[in-house]
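Next up, query-v8.txt (compact mmCIF, C-alpha atoms and all ligand atoms):
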```txt
# COMPACT_ATOMS: atom_id res chain seq x y z
CA MET A 136 13.65 -29.37 29.21
CA ILE A 137 16.21 -28.12 26.70
CA THR A 138 17.75 -31.00 24.81
CA PHE A 139 19.45 -28.96 22.11
CA ALA A 140 23.06 -28.15 22.91
CA ARG A 141 23.21 -24.35 22.97
CA MET A 142 26.20 -23.05 21.14
CA GLN A 143 27.87 -19.71 21.49
CA LEU A 144 26.39 -17.20 19.06
CA GLN A 145 28.66 -14.88 17.08
CA ASN A 146 25.91 -12.26 16.95
CA ASP A 147 23.64 -12.33 20.00
CA LEU A 148 22.45 -8.70 19.80
CA LEU A 149 18.80 -9.78 19.53
CA LEU A 150 18.92 -11.97 22.63
CA ARG A 151 20.79 -9.36 24.65
CA ALA A 152 18.32 -6.64 23.65
CA ALA A 153 15.41 -8.99 24.48
CA ARG A 154 16.82 -9.52 27.97
CA GLY A 155 17.29 -5.79 28.46
CA GLU A 156 21.08 -5.80 28.28
CA LYS A 157 22.98 -2.97 26.61
CA THR A 158 24.02 -3.50 23.01
CA GLU A 159 26.55 -1.72 20.75
CA ARG A 160 23.76 -1.07 18.25
CA THR A 161 20.06 -1.86 17.78
CA PRO A 162 19.42 -5.35 16.35
CA VAL A 163 17.07 -5.72 13.39
CA TRP A 164 14.97 -8.47 11.79
CA LEU A 165 11.76 -8.17 9.77
CA MET A 166 8.45 -9.93 10.02
CA ARG A 167 7.92 -11.98 6.83
CA GLN A 168 11.59 -11.63 5.88
CA ALA A 169 11.57 -15.25 4.69
CA GLY A 170 9.58 -15.42 1.48
CA ARG A 171 7.52 -12.59 0.05
CA VAL A 172 10.20 -10.15 -1.16
CA LEU A 173 13.04 -12.45 -2.19
CA PRO A 174 13.23 -13.79 -5.78
CA GLU A 175 15.62 -16.38 -4.34
CA TYR A 176 12.69 -17.65 -2.21
CA ARG A 177 10.39 -17.95 -5.21
CA ALA A 178 13.02 -19.99 -7.05
CA VAL A 179 13.17 -22.53 -4.20
CA ARG A 180 9.37 -22.61 -3.90
CA GLU A 181 9.12 -23.44 -7.60
CA GLN A 182 11.44 -26.43 -7.10
CA VAL A 183 8.90 -28.12 -4.81
CA GLY A 184 5.69 -26.82 -6.39
CA GLY A 185 4.20 -24.63 -3.71
CA PHE A 186 4.22 -22.96 -0.31
CA LYS A 187 2.95 -25.90 1.71
CA GLN A 188 5.34 -28.40 0.14
CA LEU A 189 8.16 -25.99 0.98
CA VAL A 190 7.05 -25.72 4.63
CA GLU A 191 6.98 -29.54 4.81
CA THR A 192 10.41 -30.10 3.21
CA PRO A 193 12.86 -29.40 6.06
CA GLU A 194 16.06 -28.96 3.99
CA LEU A 195 14.42 -26.37 1.75
CA ALA A 196 12.56 -24.66 4.61
CA ALA A 197 15.97 -24.31 6.29
CA GLU A 198 17.43 -22.88 3.09
CA VAL A 199 14.79 -20.12 2.75
CA THR A 200 15.05 -19.41 6.49
CA ILE A 201 18.74 -18.57 6.06
CA GLN A 202 18.34 -16.58 2.80
CA PRO A 203 17.49 -13.26 4.52
CA VAL A 204 20.51 -13.59 6.81
CA ASP A 205 22.78 -13.93 3.76
CA ILE A 206 20.96 -11.54 1.43
CA LEU A 207 19.55 -8.84 3.74
CA GLY A 208 22.05 -9.07 6.61
CA VAL A 209 19.42 -9.27 9.36
CA ASP A 210 20.41 -10.08 12.94
CA ALA A 211 18.17 -13.15 13.26
CA ALA A 212 16.57 -15.93 11.23
CA ILE A 213 12.88 -16.77 11.66
CA ILE A 214 11.95 -20.34 10.87
CA PHE A 215 10.09 -20.66 7.57
CA SER A 216 6.70 -22.11 8.45
CA ASP A 217 3.19 -20.79 9.10
CA ILE A 218 0.93 -20.23 12.09
CA LEU A 219 -1.62 -22.55 10.41
CA VAL A 220 0.42 -25.70 11.00
CA ILE A 221 -1.16 -25.86 14.48
CA PRO A 222 -4.79 -26.20 13.33
CA GLU A 223 -3.56 -28.84 10.91
CA ALA A 224 -1.73 -30.78 13.64
CA MET A 225 -4.96 -30.62 15.70
CA GLY A 226 -7.00 -32.09 12.84
CA LEU A 227 -7.99 -29.31 10.39
CA SER A 228 -5.79 -29.26 7.34
CA TYR A 229 -5.25 -26.06 5.38
CA GLU A 230 -4.37 -25.10 1.84
CA VAL A 231 -2.70 -21.94 0.58
CA VAL A 232 -4.11 -20.87 -2.76
CA GLU A 233 -1.97 -18.29 -4.56
CA ALA A 234 -3.48 -14.76 -4.44
CA LYS A 235 -6.36 -16.08 -2.31
CA GLY A 236 -4.58 -17.01 0.90
CA PRO A 237 -5.18 -19.90 3.27
CA THR A 238 -8.39 -21.93 3.36
CA PHE A 239 -9.69 -24.79 5.51
CA GLU A 240 -12.00 -27.45 4.14
CA GLN A 241 -13.47 -28.15 7.57
CA THR A 242 -14.24 -25.49 10.17
CA ILE A 243 -15.30 -25.54 13.82
CA ARG A 244 -19.04 -25.13 14.36
CA ASN A 245 -20.01 -27.06 17.51
CA GLY A 246 -18.82 -29.01 20.55
CA ALA A 247 -18.42 -32.27 18.62
CA ASP A 248 -16.03 -30.52 16.21
CA ILE A 249 -13.95 -29.38 19.18
CA ASP A 250 -14.00 -32.85 20.80
CA ARG A 251 -12.57 -34.35 17.61
CA LEU A 252 -9.52 -32.07 17.75
CA LYS A 253 -6.38 -33.45 19.30
CA ILE A 254 -3.93 -31.60 21.46
CA ALA A 255 -0.88 -31.33 19.24
CA SER A 256 2.53 -32.54 20.37
CA PRO A 257 5.91 -31.69 18.80
CA GLU A 258 5.93 -35.11 17.05
CA ASP A 259 2.84 -34.04 15.09
CA LEU A 260 4.97 -31.26 13.63
CA GLN A 261 8.17 -33.22 13.14
CA TYR A 262 8.86 -31.41 9.84
CA VAL A 263 9.10 -28.09 11.69
CA MET A 264 11.37 -29.65 14.33
CA ASP A 265 13.60 -31.06 11.57
CA ALA A 266 13.67 -27.70 9.76
CA LEU A 267 14.74 -25.96 12.99
CA GLN A 268 17.51 -28.48 13.63
CA ILE A 269 18.87 -28.23 10.09
CA THR A 270 18.67 -24.42 10.19
CA LYS A 271 20.45 -24.31 13.53
CA LYS A 272 23.25 -26.50 12.20
CA ASN A 273 23.63 -24.55 8.96
CA LEU A 274 23.52 -21.16 10.68
CA ALA A 275 26.53 -22.37 12.67
CA GLY A 276 25.93 -19.80 15.40
CA ARG A 277 25.93 -16.76 13.08
CA VAL A 278 22.65 -15.30 14.43
CA PRO A 279 19.84 -16.43 16.76
CA LEU A 280 16.94 -18.51 15.43
CA ILE A 281 13.38 -17.31 16.10
CA GLY A 282 10.56 -19.83 16.57
CA PHE A 283 6.91 -18.77 16.43
CA ALA A 284 3.25 -19.64 16.74
CA GLY A 285 -0.07 -17.87 16.31
CA ALA A 286 -1.74 -16.62 19.48
CA PRO A 287 -4.83 -18.69 20.42
CA TRP A 288 -7.42 -16.08 19.38
CA THR A 289 -5.86 -15.67 15.91
CA ILE A 290 -5.74 -19.46 15.47
CA LEU A 291 -9.39 -19.79 16.60
CA ALA A 292 -10.28 -17.10 14.08
CA TYR A 293 -8.93 -19.22 11.20
CA MET A 294 -10.39 -22.48 12.56
CA VAL A 295 -13.90 -21.02 12.80
CA GLU A 296 -13.83 -18.72 9.76
CA GLY A 297 -12.05 -21.22 7.50
CA ARG A 298 -10.31 -18.47 5.55
CA GLY A 299 -8.90 -14.98 5.82
CA SER A 300 -11.39 -12.14 6.30
CA LYS A 301 -11.44 -8.40 6.92
CA THR A 302 -13.93 -8.69 9.77
CA PHE A 303 -13.70 -12.32 10.94
CA SER A 304 -17.39 -11.90 11.71
CA VAL A 305 -18.09 -15.65 11.75
CA SER A 306 -15.40 -16.11 14.41
CA LYS A 307 -16.55 -13.08 16.40
CA LYS A 308 -20.12 -14.38 16.24
CA PHE A 309 -18.80 -17.63 17.76
CA LEU A 310 -17.31 -15.69 20.71
CA TYR A 311 -20.64 -13.88 21.32
CA THR A 312 -22.98 -16.84 20.81
CA GLU A 313 -20.84 -19.74 22.06
CA PRO A 314 -18.53 -18.34 24.77
CA ALA A 315 -18.19 -21.68 26.59
CA LEU A 316 -17.28 -23.51 23.38
CA SER A 317 -14.89 -20.69 22.48
CA HIS A 318 -13.08 -21.20 25.78
CA ARG A 319 -12.93 -24.96 25.24
CA LEU A 320 -11.38 -24.43 21.83
CA LEU A 321 -8.95 -21.77 23.11
CA GLU A 322 -7.90 -24.16 25.87
CA LYS A 323 -7.02 -26.90 23.35
CA ILE A 324 -5.17 -24.45 21.12
CA THR A 325 -3.25 -23.09 24.13
CA LEU A 326 -2.08 -26.54 25.25
CA SER A 327 -1.09 -27.42 21.67
CA THR A 328 0.82 -24.15 21.32
CA ILE A 329 2.74 -24.66 24.56
CA ASN A 330 3.78 -28.17 23.44
CA TYR A 331 4.70 -26.86 20.02
CA LEU A 332 6.80 -23.95 21.29
CA LYS A 333 8.60 -26.16 23.78
CA GLY A 334 9.36 -28.55 20.90
CA GLN A 335 10.72 -25.64 18.86
CA ILE A 336 12.96 -24.59 21.74
CA SER A 337 14.27 -28.16 22.15
CA SER A 338 14.99 -28.16 18.41
CA GLY A 339 17.04 -24.97 18.55
CA ALA A 340 14.81 -21.87 18.73
CA ASP A 341 16.63 -19.20 20.78
CA ILE A 342 13.57 -16.95 21.23
CA VAL A 343 9.90 -17.34 20.26
CA GLN A 344 7.25 -14.92 19.01
CA LEU A 345 3.48 -15.13 19.35
CA PHE A 346 1.61 -13.51 16.44
CA ASP A 347 -1.83 -12.19 17.40
CA SER A 348 -2.56 -10.83 13.95
CA TRP A 349 -6.29 -10.29 14.55
CA ALA A 350 -6.05 -8.78 18.05
CA GLY A 351 -7.35 -5.45 16.74
CA LEU A 352 -10.74 -6.94 15.88
CA LEU A 353 -11.77 -7.48 19.51
CA SER A 354 -13.10 -5.02 22.07
CA PRO A 355 -10.83 -4.43 25.09
CA GLU A 356 -13.07 -6.62 27.31
CA GLN A 357 -13.20 -9.43 24.77
CA TYR A 358 -9.49 -9.14 24.20
CA GLU A 359 -8.79 -9.76 27.89
CA GLU A 360 -11.25 -12.66 28.09
CA PHE A 361 -10.56 -14.48 24.81
CA SER A 362 -6.97 -13.59 24.02
CA LEU A 363 -4.72 -12.10 26.69
CA ARG A 364 -5.68 -14.71 29.25
CA TYR A 365 -4.36 -17.48 27.00
CA ILE A 366 -1.30 -15.51 25.88
CA ARG A 367 -0.49 -15.05 29.58
CA ARG A 368 -0.65 -18.82 30.12
CA ILE A 369 1.69 -19.45 27.21
CA CYS A 370 4.15 -16.83 28.51
CA GLU A 371 4.03 -18.43 31.97
CA ALA A 372 4.76 -21.86 30.49
CA ILE A 373 7.68 -20.76 28.30
CA THR A 374 10.50 -20.08 30.73
CA GLU A 375 13.43 -21.42 28.68
CA VAL A 376 13.92 -18.54 26.22
CA PRO A 377 12.66 -14.95 25.80
CA VAL A 378 9.11 -14.53 24.46
CA VAL A 379 7.92 -11.76 22.10
CA VAL A 380 4.20 -10.93 22.02
CA PHE A 381 3.06 -9.11 18.87
CA ALA A 382 -0.63 -8.21 18.95
CA LYS A 383 -1.53 -6.26 15.81
CA GLY A 384 -3.97 -3.45 16.55
CA ALA A 385 -4.12 -4.04 20.31
CA PHE A 386 -3.29 -0.44 21.23
CA PHE A 387 -5.97 -0.63 23.95
CA ALA A 388 -4.16 -3.52 25.68
CA ARG A 389 -0.70 -1.98 25.99
CA GLU A 390 -0.87 -1.44 29.75
CA ALA A 391 -2.00 -5.04 30.29
CA MET A 392 0.70 -6.31 27.92
CA GLY A 393 3.27 -4.51 30.05
CA LYS A 394 2.32 -6.90 32.85
CA LEU A 395 2.64 -10.12 30.83
CA PRO A 396 5.42 -12.48 31.93
CA CYS A 397 7.29 -11.99 28.64
CA GLU A 398 10.41 -10.08 27.65
CA VAL A 399 9.41 -8.26 24.45
CA ILE A 400 6.27 -6.49 23.18
CA GLY A 401 5.90 -5.86 19.44
CA LEU A 402 4.36 -2.55 18.35
CA ASP A 403 2.57 -1.86 15.10
CA TRP A 404 2.97 1.51 13.33
CA ASN A 405 -0.26 2.93 14.76
CA MET A 406 1.19 2.75 18.24
CA GLU A 407 2.91 5.96 19.17
CA ILE A 408 6.39 5.11 20.48
CA GLU A 409 6.69 7.36 23.58
CA LEU A 410 3.13 6.64 24.74
CA SER A 411 3.70 2.89 24.24
CA ARG A 412 6.82 3.07 26.41
CA GLU A 413 4.86 4.91 29.08
CA LEU A 414 1.97 2.43 29.04
CA ILE A 415 4.12 -0.70 28.83
CA GLY A 416 6.78 0.48 31.29
CA ASN A 417 10.56 0.09 31.39
CA LYS A 418 10.77 -3.61 32.11
CA LYS A 419 10.05 -4.76 28.57
CA THR A 420 11.99 -4.52 25.33
CA LEU A 421 9.92 -2.99 22.52
CA GLN A 422 10.03 -4.31 18.96
CA GLY A 423 8.99 -2.53 15.78
CA ASN A 424 7.48 -0.51 14.40
CA MET A 425 7.98 1.12 10.99
CA ASP A 426 5.06 1.16 8.55
CA PRO A 427 6.16 -1.39 5.90
CA CYS A 428 4.88 1.05 3.23
CA LEU A 429 7.76 3.40 4.04
CA LEU A 430 9.84 0.95 2.02
CA TYR A 431 8.06 2.09 -1.15
CA ALA A 432 9.61 5.55 -0.64
CA ASP A 433 12.97 6.86 -1.87
CA HIS A 434 16.21 6.30 0.06
CA GLU A 435 16.31 9.78 1.55
CA THR A 436 12.82 9.37 3.03
CA ILE A 437 13.59 5.87 4.31
CA ARG A 438 16.78 7.11 5.99
CA THR A 439 15.12 10.14 7.63
CA GLU A 440 12.13 8.18 8.95
CA THR A 441 14.29 5.28 10.15
CA HIS A 442 16.62 7.63 12.07
CA ARG A 443 13.58 9.31 13.59
CA MET A 444 12.20 5.96 14.72
CA LEU A 445 15.53 4.84 16.22
CA LYS A 446 15.90 8.11 18.09
CA ARG A 447 12.40 7.88 19.53
CA PHE A 448 12.89 4.30 20.78
CA GLY A 449 16.34 5.13 22.15
CA PRO A 450 19.39 2.87 22.06
CA HIS A 451 18.31 0.36 24.69
CA ARG A 452 15.54 -2.19 25.00
CA HIS A 453 14.65 -1.85 21.32
CA ILE A 454 14.61 -4.45 18.53
CA ALA A 455 14.09 -2.77 15.17
CA ASN A 456 11.47 -4.35 12.90
CA LEU A 457 8.38 -3.29 10.98
CA GLY A 458 4.90 -2.73 12.39
CA HIS A 459 3.70 -5.78 10.44
CA GLY A 460 5.09 -8.08 7.75
CA LEU A 461 6.74 -7.03 4.50
CA TYR A 462 4.44 -6.82 1.47
CA PRO A 463 5.27 -8.98 -1.55
CA ASP A 464 5.82 -6.03 -3.94
CA ILE A 465 8.38 -4.19 -1.82
CA GLU A 466 11.74 -4.13 -3.58
CA LYS A 467 14.43 -6.24 -1.97
CA GLU A 468 16.96 -3.45 -2.43
CA LYS A 469 14.81 -1.06 -0.34
CA VAL A 470 14.50 -3.69 2.36
CA LYS A 471 18.26 -4.04 2.47
CA PHE A 472 18.63 -0.27 2.63
CA TYR A 473 16.31 -0.18 5.67
CA VAL A 474 18.34 -2.94 7.38
CA ASP A 475 21.66 -1.21 6.56
CA THR A 476 20.37 2.15 7.81
CA ILE A 477 19.54 0.57 11.17
CA LYS A 478 22.83 -1.30 11.38
CA SER A 479 24.94 1.78 10.68
CA TYR A 480 23.04 4.10 13.05
CA ARG A 481 24.69 5.02 16.34
CA ALA A 482 22.90 6.95 19.03
CA VAL A 483 24.44 10.37 19.69
O1 LIG B 1 8.26 -14.17 8.98
C1 LIG B 1 8.68 -15.02 8.18
O2 LIG B 1 9.27 -14.70 7.16
C2 LIG B 1 8.50 -16.51 8.49
C3 LIG B 1 7.47 -17.16 7.78
C4 LIG B 1 6.01 -16.86 8.06
C5 LIG B 1 5.00 -17.12 7.09
N1 LIG B 1 3.79 -16.90 7.68
C6 LIG B 1 5.24 -17.58 5.70
C7 LIG B 1 4.16 -17.48 4.70
C8 LIG B 1 5.36 -16.41 9.22
C9 LIG B 1 5.96 -15.93 10.54
C10 LIG B 1 3.96 -16.46 8.97
C11 LIG B 1 2.94 -16.12 10.00
C12 LIG B 1 1.54 -15.96 9.59
N2 LIG B 1 0.82 -16.71 8.69
C13 LIG B 1 0.66 -15.03 10.17
C14 LIG B 1 1.02 -14.07 11.28
C15 LIG B 1 1.76 -12.89 10.80
C16 LIG B 1 0.93 -11.85 10.11
O3 LIG B 1 1.26 -11.54 8.95
O4 LIG B 1 -0.01 -11.32 10.72
C17 LIG B 1 -0.62 -15.18 9.55
C18 LIG B 1 -1.85 -14.38 9.82
C19 LIG B 1 -0.50 -16.26 8.63
C20 LIG B 1 -1.57 -16.84 7.78
C21 LIG B 1 -1.23 -16.81 6.34
N3 LIG B 1 -0.31 -17.63 5.72
C22 LIG B 1 -1.75 -15.95 5.33
C23 LIG B 1 -2.78 -14.87 5.59
C24 LIG B 1 -1.15 -16.30 4.11
C25 LIG B 1 -1.44 -15.78 2.72
C26 LIG B 1 -1.02 -14.40 2.46
C27 LIG B 1 0.48 -14.13 2.56
O5 LIG B 1 1.14 -13.98 1.54
O6 LIG B 1 0.97 -14.05 3.66
C28 LIG B 1 -0.20 -17.33 4.40
C29 LIG B 1 0.72 -17.97 3.46
C30 LIG B 1 2.17 -17.65 3.68
N4 LIG B 1 2.84 -17.81 4.86
C31 LIG B 1 3.08 -17.21 2.70
C32 LIG B 1 4.34 -17.10 3.33
C33 LIG B 1 5.65 -16.72 2.69
C34 LIG B 1 2.70 -16.90 1.24
C35 LIG B 1 2.80 -18.09 0.33
C36 LIG B 1 3.91 -17.90 -0.64
O7 LIG B 1 4.14 -16.78 -1.12
O8 LIG B 1 4.62 -18.89 -0.94
```
Could you quickly redo this structure as structure tokens?
Ligand code: CP3
Amino acid sequence: MITFARMQLQNDLLLRAARGEKTERTPVWLMRQAGRVLPEYRAVREQVGGFKQLVETPELAAEVTIQPVDILGVDAAIIFSDILVIPEAMGLSYEVVEAKGPTFEQTIRNGADIDRLKIASPEDLQYVMDALQITKKNLAGRVPLIGFAGAPWTILAYMVEGRGSKTFSVSKKFLYTEPALSHRLLEKITLSTINYLKGQISSGADIVQLFDSWAGLLSPEQYEEFSLRYIRRICEAITEVPVVVFAKGAFFAREAMGKLPCEVIGLDWNMEIELSRELIGNKKTLQGNMDPCLLYADHETIRTETHRMLKRFGPHRHIANLGHGLYPDIEKEKVKFYVDTIKSYRAV
């Protein structure tokens, strides 16, 4: 049930593109646009002492959510939070250590650990709900607000591994040695995620994205069994707003993703654009997919490559973005140049 009064948006390009409607130009937003590249973000983070405090202080989370709209001119705001708030709401708290990334003190090892987890409800993440409501009010309808969550496999990966990893071999071992427990855990994460996303929508999110950051670590068979199945259930449950599924590295699952009950599929930069369109079909909007490292190049190179990307996607059913999040050492001016290049491009 949507309890948030939907107001008319001044710029609804993103939502129209997501629904497959024609737009005057291609909308653009960037994964990790809030934080990372903006000195203005770091200044606010310093005020509260750290990343987690910022996530849990709704007024300031709202402020850094809106910064990229003001500073970079993107066509949407994405709520400043993290995918790891879900494990925490279920009972495993996390810490983010600078230059080391997130860590969990407790991890999931057996059935008793899973039994102790609760199924999260929106009230368990009231600070995110408050941040969304404040952001929505302060945006005053300028652009849509994006809500998000991690996909169940990526969340399981952190809950079992306890930290970031190149291989997530502890988590993959869990899938191979404890498939029944893996499914029990994925089930609890899925129910928590559905509650959480519905709460975000009630609090003002106009569209939601699922991040399956570690999709590329699984084999195609495992991906279907331990990830897509649960993503499909989340997509089926979220009927109120468009859903974006971004599965990093899941090139092998593109045909299956084309059949998900969602509106938008995110592509990373390894996914060839025309082949992706062919595999996914014409009924989905595609999002992406520039290599973020292009933004280390000079303006001329950025412009040429960006025009090439826009031409290959075509003017319809495309939301411009990167193939993954911005890196912290990319210059803000280059990011703005990328956004401006997209906004001033017109298909010929
Ligand atoms: O996109 C946005 O700008 C919204 C905010 C956002 C953050 N994390 C803020 C953040 C979003 C959408 C996320 C999602 C997220 N978090 C993902 C999925 C996307 C992806 O990149 O694949 C993952 C895997 C995480 C887990 C996580 N959180 C990691 C690995 C780290 C440390 C490394 C890093 O810098 O990202 C975090 C901490 C985190 N989340 C920071 C930010 C801005 C860095 C802390 C800081 O600089 O203050």
Considering all atoms listed in the file, state which residue in the set A:Phe346, A:Phe303, A:Tyr293, A:Tyr358 is at the smallest distance from Gly458 of chain A.
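Among the listed residues, the smallest separation from Gly458 of chain A belongs to A:Phe346.
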Given all atoms listed in the file as the basis, pick out the residue of A:Asp265, A:Glu175, A:Glu435, A:Asp248 nearest to ligand LIG 1 (chain B).
A:Glu175
Check the smallest atom-to-atom distance from each of A:Glu413, A:Leu421, A:Val376, A:Lys383 to Trp349 of chain A using all atoms listed in the file, then report the winner.
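Smallest separation from Trp349 of chain A among the options: A:Lys383.
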Report as a Markdown table: every residue of chain A with an atom at most 6 Å from ligand LIG 1 (chain B), its closest pair of atoms, and their distance in Å to one decimal, counting only C-alpha atoms and all ligand atoms, with rows sorted by chain and ascending residue number.
```
| residue | atom | partner | partner_atom | distance |
| --- | --- | --- | --- | --- |
| A:Met166 | CA | B:LIG1 | O1 | 4.4 |
| A:Arg167 | CA | B:LIG1 | O2 | 3.1 |
| A:Gln168 | CA | B:LIG1 | O2 | 4.1 |
| A:Ala169 | CA | B:LIG1 | O2 | 3.4 |
| A:Gly170 | CA | B:LIG1 | C33 | 4.3 |
| A:Arg171 | CA | B:LIG1 | C33 | 5.2 |
| A:Phe186 | CA | B:LIG1 | O8 | 4.1 |
| A:Ile213 | CA | B:LIG1 | C2 | 5.4 |
| A:Ile214 | CA | B:LIG1 | C2 | 5.7 |
| A:Phe215 | CA | B:LIG1 | C3 | 4.4 |
| A:Ser216 | CA | B:LIG1 | C3 | 5.1 |
| A:Asp217 | CA | B:LIG1 | N1 | 4.2 |
| A:Ile218 | CA | B:LIG1 | N2 | 4.9 |
| A:Val231 | CA | B:LIG1 | C29 | 6.0 |
| A:Gly236 | CA | B:LIG1 | C25 | 3.8 |
| A:Pro237 | CA | B:LIG1 | C24 | 5.5 |
| A:Phe346 | CA | B:LIG1 | C14 | 5.2 |
| A:Ser348 | CA | B:LIG1 | O4 | 4.1 |
| A:Gly460 | CA | B:LIG1 | O3 | 5.3 |
```
Between atom CA of Gly401 of chain A and atom CA of Asp426 of chain A, what is the distance in Å, rounded to a tenth?
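Spanning atom CA of Gly401 of chain A to atom CA of Asp426 of chain A is a straight-line distance of 13.0 Å.
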Exercise: Val183 of chain A partners within 10 Å, all atoms listed in the file, chain neighbours under 6 positions left out, as a PDB file with C-alpha atoms, in the frame of the given file:
```pdb
ATOM      1  CA  LEU A 189       8.160 -25.990   0.980  1.00  0.00           C
ATOM      2  CA  VAL A 190       7.050 -25.720   4.630  1.00  0.00           C
ATOM      3  CA  GLU A 191       6.980 -29.540   4.810  1.00  0.00           C
ATOM      4  CA  THR A 192      10.410 -30.100   3.210  1.00  0.00           C
ATOM      5  CA  LEU A 195      14.420 -26.370   1.750  1.00  0.00           C
TER       6      LEU A 195
END
```
With all atoms listed in the file as the basis for distance, which of A:Glu409, A:Gly449, A:His459, A:Leu267 is at the shortest distance from Asp347 of chain A?
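Checking each of A:Glu409, A:Gly449, A:His459, A:Leu267 against Asp347 of chain A, counting all atoms listed in the file, the winner is A:His459.
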Please return, as a ChimeraX atom specification, all polymer residues that have at least one atom within 6 Å of the point (-2.8, -20.6, 20.3); use all atoms listed in the file and the file's own coordinate frame.
/A:285-287,290,324-325,328
Could you work out how far atom CA of Asp210 of chain A lies from atom CA of Asn456 of chain A, giving the answer in Å with one decimal?
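Those two atoms sit 10.6 Å apart.
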Name the closest residue to Val399 of chain A among the candidates A:Ala255, A:Ala455, A:Met444, A:Leu363; distances are taken between atoms, counting only C-alpha atoms.
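Closest residue, counting only C-alpha atoms: A:Ala455.
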Would you kindly place all heavy atoms on segment 183-188 of chain A and return the model as a PDB file, in the frame of the given file?
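Output (rebuild11.pdb):
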```
ATOM      1  N   VAL A 183       9.749 -27.121  -5.483  1.00  0.00           N
ATOM      2  CA  VAL A 183       8.900 -28.120  -4.810  1.00  0.00           C
ATOM      3  C   VAL A 183       7.437 -28.004  -5.213  1.00  0.00           C
ATOM      4  O   VAL A 183       6.641 -28.872  -4.882  1.00  0.00           O
ATOM      5  CB  VAL A 183       8.979 -28.034  -3.268  1.00  0.00           C
ATOM      6  CG1 VAL A 183      10.208 -28.714  -2.752  1.00  0.00           C
ATOM      7  CG2 VAL A 183       8.841 -26.617  -2.769  1.00  0.00           C
ATOM      8  N   GLY A 184       7.063 -26.917  -5.885  1.00  0.00           N
ATOM      9  CA  GLY A 184       5.690 -26.820  -6.390  1.00  0.00           C
ATOM     10  C   GLY A 184       4.805 -25.856  -5.651  1.00  0.00           C
ATOM     11  O   GLY A 184       3.840 -25.364  -6.207  1.00  0.00           O
ATOM     12  N   GLY A 185       5.085 -25.569  -4.406  1.00  0.00           N
ATOM     13  CA  GLY A 185       4.200 -24.630  -3.710  1.00  0.00           C
ATOM     14  C   GLY A 185       4.628 -24.361  -2.286  1.00  0.00           C
ATOM     15  O   GLY A 185       5.561 -24.979  -1.760  1.00  0.00           O
ATOM     16  N   PHE A 186       3.902 -23.424  -1.659  1.00  0.00           N
ATOM     17  CA  PHE A 186       4.220 -22.960  -0.310  1.00  0.00           C
ATOM     18  C   PHE A 186       4.191 -24.096   0.716  1.00  0.00           C
ATOM     19  O   PHE A 186       5.097 -24.274   1.508  1.00  0.00           O
ATOM     20  CB  PHE A 186       3.235 -21.857   0.079  1.00  0.00           C
ATOM     21  CG  PHE A 186       3.282 -21.501   1.530  1.00  0.00           C
ATOM     22  CD1 PHE A 186       4.340 -20.766   2.043  1.00  0.00           C
ATOM     23  CD2 PHE A 186       2.281 -21.912   2.387  1.00  0.00           C
ATOM     24  CE1 PHE A 186       4.393 -20.442   3.382  1.00  0.00           C
ATOM     25  CE2 PHE A 186       2.326 -21.596   3.733  1.00  0.00           C
ATOM     26  CZ  PHE A 186       3.381 -20.860   4.236  1.00  0.00           C
ATOM     27  N   LYS A 187       3.121 -24.874   0.675  1.00  0.00           N
ATOM     28  CA  LYS A 187       2.950 -25.900   1.710  1.00  0.00           C
ATOM     29  C   LYS A 187       4.008 -27.004   1.579  1.00  0.00           C
ATOM     30  O   LYS A 187       4.541 -27.477   2.581  1.00  0.00           O
ATOM     31  CB  LYS A 187       1.546 -26.478   1.614  1.00  0.00           C
ATOM     32  CG  LYS A 187       1.094 -26.954   2.965  1.00  0.00           C
ATOM     33  CD  LYS A 187      -0.338 -27.369   2.976  1.00  0.00           C
ATOM     34  CE  LYS A 187      -0.576 -28.126   4.267  1.00  0.00           C
ATOM     35  NZ  LYS A 187      -1.814 -28.863   4.238  1.00  0.00           N
ATOM     36  N   GLN A 188       4.295 -27.384   0.349  1.00  0.00           N
ATOM     37  CA  GLN A 188       5.340 -28.400   0.140  1.00  0.00           C
ATOM     38  C   GLN A 188       6.677 -27.889   0.691  1.00  0.00           C
ATOM     39  O   GLN A 188       7.453 -28.649   1.264  1.00  0.00           O
ATOM     40  CB  GLN A 188       5.518 -28.719  -1.350  1.00  0.00           C
ATOM     41  CG  GLN A 188       4.360 -29.490  -1.965  1.00  0.00           C
ATOM     42  CD  GLN A 188       3.318 -28.562  -2.579  1.00  0.00           C
ATOM     43  OE1 GLN A 188       2.994 -27.501  -2.022  1.00  0.00           O
ATOM     44  NE2 GLN A 188       2.777 -28.941  -3.723  1.00  0.00           N
TER      45      GLN A 188
END
```
